[in-house]
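Please read the structure below before turning to the comments.
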Amino acid sequence: MSVLEPVVELVRGLGQTFRYLFDRPVTYQYPEQKREVRPRFRGRHVLKRYDNGLEKCIGCSLCAAACPADAIFVEASENTDEKRFSPGERYASTYEINMLRCIYCGFCEDACPTEAIVLGDNYELSFTDRRSAIYPKEMLLEPVPTVDMTTPRKVETGVYKRSVPEMKDPTD
Amino acid sequence: MSKQVTLTIDGKQITVPDGTLVADAAKLAGIDIPVFCHHPKLEPVGMCRMCLVEIGRPMFDRATGQIVMENGQPKIQFMPKLETACTNPVSEGMVVLTQTAKAKEGQKGTVEFLLTSHPLDCPICDKGGECPLQNLTMEHGPGKSRFIYDEKLHLDKQVPLGELIWLDRERCIQCARCIRFQDEIAGEAVLGFDERGRNTQIVSLSDPGFDSVFSGNTTDICPVGALTTADFRFGARPWELKAQASICTQCPVGCNTTLNTRREAKAGGDIVIKRVMPRQNEEVNEIWLCDKGRFAHHYVGSKKRLARPQIRKDEKLARASWDAATKLAAENFSASKKDFVILASGRLANEDLFNLKSLADHAGGRAILYSDMGGGDLTALVGVGAGTNLGKLGEGDAILVVASDLYEEAPIWYLRVKQAADRGAALIVANPRETKLDKFAKFSIRYSYGDEVKAVNDFGKKSKISDEFAKAKNAIVFFGSEGLGLNGTSAVASACADLLKETGHIGRASNGLIGVWQRANDQGAWEVGLQPEEDLAKALKGKAVYIVGTDPVGDDPKLAKALEGAEFVAVQDILETATTEIADVVLPAQAFSEREGTFTSGERRVQRFYAAVPPTGDSKPDFVITSMIAKQMNIVLEGTSVSVVFDILANSIEAFTDLSYAKLAEVRPQWPIVGRGDVYYGGTTYENKHGLGVQLVPAAQVGGTVRIPKVKKEAVLRPKEKELLAVPVNKLYDRGVTVSPAELLDERVGEATVSLHPEAAERLGVEAGARVKISFDGVSGEAVVKIDDTISAGVALVPRSMGIAIKEPVAAKVK
């Protein structure tokens with residue numbers, strides 16, 4: 001073994017390091033910098049709204065039934081034209097997800113007949129106690145497009161007559 | 001035993017009674033034939049075509065009339081087309097095929113056709129999860145429809161049929177189960193079909209809408225979500241509910257129920273009763289439940305529930321510990337010695353009443369039953385024999401109903417008596433006015449209020465009616481408290497008992513006397529030795545009173561005055577009442593849904609109920625509280641285990657000998673088979689897995705001579721000129737503490753009324769709907785006039801428990 005060999009190896013190794021100085025870094029400066037998630041990423045749930053601001057959730061509890069971790073609790077109430085939350089006959093008056101129980105499997109998305117619950121791209125979940133891990137409906141609901149579209153709101157009578165909102169193509 | 005027929009269904013040989021329908025025979029064989037319109041309790045109609053099967057019958061040689069044989073087996077000839085299993089009765093040698101491709105094709109086609117107009121709103125439908133159409137679509141339906149989605153028929157979706165039942169016209173599949181239930185079982189044709197073809201719709205024919213006290217049952221047997229209750233509307237999904245067996249506490253029938261419970265955010269995170277469902281007991285309520293039993297359960301979750309013991313300090317009730325409260329009560333009871341009075345009602349369980357009676361006996365006090373009805377000693381003596389089943393009465397049997405409107409007092413008895421009359425039993429209704437049961441009666445006897453005893457005694461003389469009664473194979477007499485007080489009912493009960501004894505209708509099953517009591521466990525109170533007191537005000541005045549499960553102050557101003565003069569008042573109840581307001585000590589008790597116990601029904605059936613929801617606050621079961629007070633008085637009473645209290649009760653009361661909790665929880669197979677996975681067959685009624693109860697053996701059945709005590713006849717009250725004879729009648733939906741918290745029933749409860757004959761109304765110058773003031777004997781109240789031309793001109797009917805304290809017939813002034 002030549003005396004020079006370790007020196008050559010050292011230089012070669014440092015060369016590699018030196019080359020990476022000019023490469024684009026792969027690390028992100030989280031939390032200042034946030035990485036975009038993949039299209040099929042399953043993060044924190046969001047309760048969606050229609051374009052007119054009404055909630056998509058009809059309080060059917062199928063997500064709770066599908067949930068393998070028993071993380072979802074739903075309680076329904078009846079809509080009136082005076083106080084309307086969703087287009088159909090009923091809405092979720094209580095909707096809670098225990099984020100500590102949730103395993104982000106996405107079964108709730110699959111079970112939802114109105115595509116109201118969607119696993120979003122938010123993965124920043126941290127709690128200081130167990131109680132605050134239970135997200136109520138207000139935290140899950142997507143913000144309204146404009147201020148006048150808040151729910152509940154008063155609507156014209158006779159517009160929303162169907163028990164579940166009409167969907168042209170259920171696969172859409 | 002009727003003729004038996006042997007047939008083969010899917011290769012399985014089964015023997016059933018002649019006349020059984022193929023669908024029912026298959027059910028007995030454990031083979032499920034899908035059905036929608038067929039219901040084992042209703043007459044077959046064959047409307048939905050879901051039960052299509054292949055049916056073959058042995059071929060007969062026309063010349064000889066002999067069965068044609070082929071390879072040693074009878075040759076089976078199948079019909080060219082499918083047949084409905086629900087309309088075809090079985091015949092000897094019949095072969096039924098339910099699983100063939102042809103049958104499957106027929107069933108698949110039926111489901112596809114039914115779905116052409118059915119909306120796809122299962123996610124929000126209250127039936128979703130326990131829906132026959134949903135289940136059968138999964139099992140038999142095609143995965144896809146050939147029907148164009150946009151051509152679905154749209155009908156009204158939210159139609160209130162009455163204030164209790166909602167109809168969704170789109171979901172209805174026109175099976176007519178609801179219409180047929182109302183016609184055949186309830187005998188009130190208040191529903192019907194309107195329009196034709198695809199537009200056929202269910203409509204209510206009555207005013208107010210769906211005017212029946214059995215309306216809730218239609219939601220159980222509806223095979224889709226077309227009929228749902230207003231009470232449970234969007235309350236929960238069926239799979240989220242827990243079920244616990246219970247007994248209805250609203251009347252003496254003792255219907256078996258199932259309490260469905262769920263944790264609820266609206267109720268502050270508590271576990272609450274979401275709905276009350278019937279539980280099958282073919283000897284009590286079959287698979288039915290009246291609307292009072294179904295919807296009046298809200299009192300147990302009322303905001304007025306007592307949660308903590310309270311002691312009166314400086315004129316105000318203040319929170320206290322159980323120790324302090326029971327100690328204070330015990331000290332006062334001990335000090336009063338013989339002046340210690342317990343006033344308890346039939347709302348309590350057998351064990352509670354037994355402990356109360358034991359406490360009174362040991363402490364040297366008295367235990368009084370809060371009731372205006374007598375005769376419980378006679379029902380224990382000549383009551384219906386063990387093994388009685390109203391559902392078995394029919395041709396050749398007789399039922400006599402005296403001074404009771406069963407429809408208003410015990411709806412399920414009305415239903416079963418009506419059905420017995422349909423089967424051919426001679427129904428005799430003796431009442432001063434026309435009741436709903438008269439329509440089905442073979443004989444109606446009218447007498448004047450006050451002549452009840454005479455009417456029953458005369459009954460022995462009237463030839464045609466009394467002959468029918470005397471010659472009947474089995475005879476049952478129901479006696480009630482319409483127009484009668486404590487003395488009156490005692491006299492009527494005694495006259496009825498005499499009649500039964502003379503005609504030999506005692507000491508056997510399906511024979512004897514039944515009291516239509518005002519509370520669920522009045523019979524049980526009589527059994528453990530509690531009896532009502534004629535002059536209650538006198539009995540309470542100046543005494544140390546322990547009031548349990550009743551509200552005398554709210555009921556009667558005279559009793560309120562008497563209790564003002566009481567030495568000491570301890571009140572043990574589940575709700576805040578006018579009586580708890582005047583109490584020195586308030587002890588919170590647990591409701592029936594929060595604890596275990598037993599009730600004794602009017603038919604003297606002892607039945608168990610179970611704990612379904614956690615107790616309210618610090619409340620304790622009644623028998624525990626009584627034993628705590630007893631302990632402070634140095635009296636030892638069992639206060640830990642309810643089943644041990646029952647064992648002690650069984651050891652000390654003869655009629656209960658050999659009974660135990662285990663025995664009461666025994667079940668036997670029942671027909672029809674309901675409540676399993678196939679909700680389409682019997683409806684959503686629950687199967688009985690928690691006990692059918694045991695009927696007590698009346699003294700007359702045990703043997704020995706039966707001596708019926710003579711009751712002194714009272715002079716008939718004749719009111720003076722310008723006065724009317726005010727008589728108490730019973731109303732189903734009243735203002736009782738166990739009904740009024742159910743807001744849904746408010747409309748049916750209505751205002752206090754006074755029913756007058758048109759002549760009397762004219763004399764007073766009032767019309768229907770006018771407000772009048774009625775006053776008698778220190779009591780006065782306002783009431784709305786109702787005109788009833790079936791009563792006599794000299795009387796005014798005043799419903800009990802509607803704000804006017806009426807206990808017995810009394811001369812009254814109406815202004």
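Residue numbering restarts at 1 in every chain; chains get A, B, ... in the order shown in the structure tokens, and ligands count up from 1 in that same order.
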Notebook entry, point to check: Do you know which residues are at most 7 Å from Ile58 (chain A) counting only C-alpha atoms, after dropping those on the same chain fewer than 4 positions away, and could you put them as a list in words?
Noted result: Ser86, Gly88, Arg90, Tyr91 and Ala92 of chain A
May I have the selected residues written with C-alpha atoms, as an mmCIF file, in the first residue's frame?
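Produced file part-v5.cif, reproduced below:
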```cif
data_model
loop_
_atom_site.group_PDB
_atom_site.id
_atom_site.type_symbol
_atom_site.label_atom_id
_atom_site.label_comp_id
_atom_site.auth_asym_id
_atom_site.auth_seq_id
_atom_site.Cartn_x
_atom_site.Cartn_y
_atom_site.Cartn_z
ATOM 1 C CA SER A 86 -76.899 22.102 3.638
ATOM 2 C CA GLY A 88 -80.839 18.489 1.785
ATOM 3 C CA ARG A 90 -80.528 17.137 7.266
ATOM 4 C CA TYR A 91 -77.109 18.411 8.239
ATOM 5 C CA ALA A 92 -74.455 17.511 10.763
#
```
Next item on the list: Would you give me, as a list in words, the residues of chain A that come within 8 Å of chain B, using only C-alpha atoms?
Entry: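 Going by the stated atoms only, the list reads Ile58, Gly59, Cys60, Ser61, Leu62, Glu75, Ala76, Ser77, Glu78, Glu89, Arg90, Thr94, Pro113, Lys161, Arg162, Ser163 and Val164 of chain A.
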Next item on the list: Write out as a ChimeraX atom specification all residues of region 11-94 of chain A that backbone DSSP assigns to strand (DSSP E or B).
Entry: /A:45-47,49,55,72-78,84,90-94
For the residues in the current selection, export C-alpha atoms as a CSV table (one decimal), in the first residue's frame.
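Everything below was put into part17.csv:
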```csv
chain,number,residue,atom,x,y,z
A,45,HIS,CA,-59.7,16.2,6.9
A,46,VAL,CA,-61.7,19.1,5.4
A,47,LEU,CA,-65.4,19.4,5.2
A,49,ARG,CA,-68.8,23.3,0.7
A,55,GLU,CA,-72.2,22.5,3.4
A,72,ILE,CA,-65.5,10.2,14.0
A,73,PHE,CA,-68.7,11.3,15.8
A,74,VAL,CA,-71.6,12.7,13.9
A,75,GLU,CA,-75.0,13.9,15.1
A,76,ALA,CA,-77.6,15.1,12.7
A,77,SER,CA,-80.3,17.7,12.8
A,78,GLU,CA,-83.0,19.0,10.4
A,84,ARG,CA,-80.1,26.2,6.4
A,90,ARG,CA,-80.5,17.1,7.3
A,91,TYR,CA,-77.1,18.4,8.2
A,92,ALA,CA,-74.5,17.5,10.8
A,93,SER,CA,-75.1,19.5,13.9
A,94,THR,CA,-72.1,17.9,15.6
```
May I have a table of the residues of region 99-129 of chain A lying at most 12 Å from region 134-148 of chain A, giving each one's closest pair of atoms and their distance in Å to one decimal, counting only C-alpha atoms, ordered by chain and ascending residue number, as a Markdown table?
```
| residue | atom | partner | partner_atom | distance |
| --- | --- | --- | --- | --- |
| A:Met99 | CA | A:Ile134 | CA | 6.0 |
| A:Leu100 | CA | A:Ile134 | CA | 7.8 |
| A:Arg101 | CA | A:Ile134 | CA | 9.2 |
| A:Cys102 | CA | A:Ile134 | CA | 10.1 |
| A:Ala116 | CA | A:Leu141 | CA | 9.5 |
| A:Ile117 | CA | A:Leu140 | CA | 9.0 |
| A:Val118 | CA | A:Leu140 | CA | 10.0 |
| A:Leu119 | CA | A:Leu140 | CA | 10.4 |
| A:Gly120 | CA | A:Leu140 | CA | 10.2 |
| A:Asn122 | CA | A:Leu140 | CA | 11.2 |
| A:Leu125 | CA | A:Tyr135 | CA | 10.6 |
| A:Ser126 | CA | A:Ile134 | CA | 11.3 |
| A:Phe127 | CA | A:Ile134 | CA | 9.5 |
| A:Thr128 | CA | A:Ile134 | CA | 11.6 |
| A:Asp129 | CA | A:Ile134 | CA | 9.7 |
```
Notebook entry, point to check: Could you work out how far CA of Gln518 (chain B) lies from CA of Val810 (chain B), giving the answer in Å with one decimal?
Noted result: 19.5 Å
Next item on the list: Find the distance between CA of Gln250 (chain B) and CA of Gly639 (chain B) and write it in Å to one decimal.
Entry: 26.0 Å
Next item on the list: List the neighbours of Phe60 (chain B) out to 10 Å using only C-alpha atoms; skip same-chain residues closer than 3 positions along the sequence, and give me the result as a list of chain:residue names.
Entry: B:Arg57, B:Ala63, B:Thr64, B:Gly65, B:Gln66, B:Ile67, B:Val68, B:Met69, B:Pro74, B:Lys75, B:Ile76, B:Gln77
